[in-house]
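Asker: Take this structure first; my questions come after.
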Amino acid sequence: MEKTTREGKKMKQDGRFAFLYNHVFRVITTWVWFLVGAMLVVLVILAVYGFDLAKALEVLRENRYLAVYIEIVSVGLLPLVFTLICKDHPTQYGLSRKGLAKSLLLSGLCVTGLFGFAFLSRGQLMSGIEPPNFNLNFPWNLWYVALGVFAWGPLEVFFVMWLVTNTDRIFKSENKTMSWGLIVTVVIFGIAHILTTSIYNAFYTATIFFVLGLIYKYTKNSIGPMIAWTLINGQIWFIVQILWS
């Protein structure tokens, strides 16, 4: 069985796992796993500490870098698994040289605008970032910085753009810049952040990803948005301080 991608390339489907190519199944399963995956990681941490909830929460508060495992499992894991098993072509998710220059330019303007506004209004590029006091020795400091930059940067953008693309196919709005896939994904992503952070952070994150999503849809390239989010994500600014904490 073959399926044509939006780039017009043929992709062979394994008949035994045809459901994995169903975009409704992909999208719903990924959003469910977004919550379930996070809970499973927390359960693993609980199991390590004898299911002592108070102790586990204390460990997570004092060692916030452990949250990177929640991010990797709940956000990036399933889209990567679908992509690898189904052998989706990377260009379907904007990982190519096509549109790269426009993607970098528009994303660069987005970053410059955000940093410029932040500096003019607050006198600094990023505020509210408390320096960590983890005292991680080499090579663990490098390990968690590398994992954190990857998970809260490119992987998170891949997760969102992967959902945008697959949701667009459900609504048949792939060729629209302001598509249903973009709108639905950003709204759900924002609501999810309300549950885990705050209304302000959820609105800020959803707005940024809406802009980055427009850049992705317009240029058909996700590399620029990946770099932009890596530069402006406060979580990454926090985690890289492990190197000198």
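Ordered as shown in the structure tokens, chains take letters A, B, and onward, while each chain numbers its residues from 1 and ligands are numbered from 1 in the order shown.
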Neighbouring residues of Lys172 of chain A were defined as those with any atom within 12 Å, considering only C-alpha atoms; residues of the same chain fewer than 5 positions away were excluded. Please report them as a JSON list (two decimals) with all heavy atoms, in the first residue's frame.

Answerer:
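Dumped everything to result.json:
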[["chain", "number", "residue", "atom", "x", "y", "z"],
["A", 6, "ARG", "N", 2.67, 15.27, 1.16],
["A", 6, "ARG", "CA", 2.34, 16.58, 0.58],
["A", 6, "ARG", "C", 3.42, 17.05, -0.38],
["A", 6, "ARG", "O", 3.21, 17.95, -1.15],
["A", 6, "ARG", "CB", 2.15, 17.62, 1.70],
["A", 6, "ARG", "CG", 3.42, 18.00, 2.44],
["A", 6, "ARG", "CD", 3.11, 19.06, 3.46],
["A", 6, "ARG", "NE", 4.30, 19.47, 4.17],
["A", 6, "ARG", "CZ", 4.30, 20.37, 5.13],
["A", 6, "ARG", "NH1", 3.19, 20.95, 5.48],
["A", 6, "ARG", "NH2", 5.41, 20.70, 5.75],
["A", 23, "HIS", "N", -4.23, 9.56, 10.50],
["A", 23, "HIS", "CA", -3.87, 10.83, 11.14],
["A", 23, "HIS", "C", -4.71, 11.11, 12.39],
["A", 23, "HIS", "O", -4.21, 11.72, 13.35],
["A", 23, "HIS", "CB", -4.01, 11.97, 10.13],
["A", 23, "HIS", "CG", -3.15, 11.77, 8.92],
["A", 23, "HIS", "ND1", -1.78, 11.64, 8.99],
["A", 23, "HIS", "CD2", -3.47, 11.66, 7.60],
["A", 23, "HIS", "CE1", -1.28, 11.48, 7.78],
["A", 23, "HIS", "NE2", -2.29, 11.47, 6.91],
["A", 24, "VAL", "N", -5.96, 10.67, 12.40],
["A", 24, "VAL", "CA", -6.79, 10.84, 13.59],
["A", 24, "VAL", "C", -6.20, 10.04, 14.74],
["A", 24, "VAL", "O", -6.07, 10.54, 15.88],
["A", 24, "VAL", "CB", -8.24, 10.40, 13.32],
["A", 24, "VAL", "CG1", -9.05, 10.45, 14.62],
["A", 24, "VAL", "CG2", -8.88, 11.28, 12.25],
["A", 164, "VAL", "N", 0.79, 19.79, 14.09],
["A", 164, "VAL", "CA", 0.18, 20.71, 13.13],
["A", 164, "VAL", "C", 0.00, 20.02, 11.79],
["A", 164, "VAL", "O", -1.07, 20.06, 11.18],
["A", 164, "VAL", "CB", 1.04, 21.99, 12.97],
["A", 164, "VAL", "CG1", 0.56, 22.80, 11.77],
["A", 164, "VAL", "CG2", 0.99, 22.84, 14.24],
["A", 165, "THR", "N", 1.06, 19.36, 11.32],
["A", 165, "THR", "CA", 1.02, 18.70, 10.02],
["A", 165, "THR", "C", -0.01, 17.59, 9.97],
["A", 165, "THR", "O", -0.81, 17.48, 9.03],
["A", 165, "THR", "CB", 2.41, 18.13, 9.68],
["A", 165, "THR", "OG1", 3.37, 19.20, 9.62],
["A", 165, "THR", "CG2", 2.40, 17.39, 8.35],
["A", 166, "ASN", "N", -0.02, 16.73, 11.00],
["A", 166, "ASN", "CA", -0.96, 15.61, 11.00],
["A", 166, "ASN", "C", -2.40, 16.06, 11.23],
["A", 166, "ASN", "O", -3.33, 15.48, 10.67],
["A", 166, "ASN", "CB", -0.54, 14.58, 12.06],
["A", 166, "ASN", "CG", 0.60, 13.71, 11.60],
["A", 166, "ASN", "OD1", 0.40, 12.71, 10.92],
["A", 166, "ASN", "ND2", 1.82, 14.10, 11.93],
["A", 167, "THR", "N", -2.59, 17.11, 12.04],
["A", 167, "THR", "CA", -3.94, 17.64, 12.24],
["A", 167, "THR", "C", -4.44, 18.31, 10.96],
["A", 167, "THR", "O", -5.63, 18.23, 10.63],
["A", 167, "THR", "CB", -3.96, 18.64, 13.41],
["A", 167, "THR", "OG1", -3.39, 18.02, 14.58],
["A", 167, "THR", "CG2", -5.38, 19.07, 13.73],
["A", 179, "SER", "N", -4.00, 27.58, 9.17],
["A", 179, "SER", "CA", -4.74, 26.33, 9.00],
["A", 179, "SER", "C", -5.41, 25.88, 10.29],
["A", 179, "SER", "O", -5.06, 26.32, 11.39],
["A", 179, "SER", "CB", -3.77, 25.24, 8.53],
["A", 179, "SER", "OG", -2.82, 24.95, 9.55],
["A", 180, "TRP", "N", -6.35, 24.97, 10.14],
["A", 180, "TRP", "CA", -7.02, 24.40, 11.30],
["A", 180, "TRP", "C", -6.05, 23.60, 12.14],
["A", 180, "TRP", "O", -6.16, 23.56, 13.38],
["A", 180, "TRP", "CB", -8.19, 23.52, 10.87],
["A", 180, "TRP", "CG", -9.42, 24.29, 10.53],
["A", 180, "TRP", "CD1", -9.99, 24.45, 9.30],
["A", 180, "TRP", "CD2", -10.25, 25.02, 11.45],
["A", 180, "TRP", "NE1", -11.10, 25.24, 9.38],
["A", 180, "TRP", "CE2", -11.29, 25.61, 10.70],
["A", 180, "TRP", "CE3", -10.20, 25.25, 12.82],
["A", 180, "TRP", "CZ2", -12.27, 26.40, 11.27],
["A", 180, "TRP", "CZ3", -11.18, 26.05, 13.40],
["A", 180, "TRP", "CH2", -12.19, 26.60, 12.64],
["A", 181, "GLY", "N", -5.11, 22.95, 11.50],
["A", 181, "GLY", "CA", -4.11, 22.19, 12.24],
["A", 181, "GLY", "C", -3.31, 23.08, 13.17],
["A", 181, "GLY", "O", -3.04, 22.72, 14.33]]

Asker: Go through segment 68-160 of chain A residue by residue and, counting only C-alpha atoms, keep those with an atom at most 7 Å from segment 38-54 of chain A; for each kept residue give the shortest atom pair and its distance in Å to one decimal, ordered by chain and increasing number, as CSV.

Answerer:
residue,atom,partner,partner_atom,distance
A:Ile70,CA,A:Ala38,CA,5.2
A:Val73,CA,A:Ala38,CA,6.9
A:Ser74,CA,A:Ala38,CA,5.1

Asker: Using only C-alpha atoms, which of the listed residues (A:Thr112, A:Thr91, A:Asn133, A:Thr83) sits closest to Ile239 of chain A?

Answerer: A:Asn133

Asker: Mind checking which residues fall within 8 Å of Gly190 of chain A, counting only C-alpha atoms, ignoring those fewer than 5 positions away in the same chain, and posting them as a list in words?

Answerer: Ala202, Phe203, Thr205 and Ala206 of chain A

Asker: If I take atom CA of Leu57 of chain A and atom CA of Thr196 of chain A, how far is one from the other in Å, to one decimal?

Answerer: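 Going from atom CA of Leu57 of chain A over to atom CA of Thr196 of chain A, I get 14.3 Å.
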
Asker: Quick one: of A:Val184, A:Ile242, A:Leu231, A:Leu147, who's nearest to Ala67 of chain A, counting only C-alpha atoms?

Answerer: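 Smallest separation from Ala67 of chain A among the options: A:Leu147.
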
Asker: Between A:Ile188, A:Leu66, A:Leu163, A:Val157, which has the minimum distance to Asn221 of chain A (counting only C-alpha atoms)?

Answerer: A:Val157
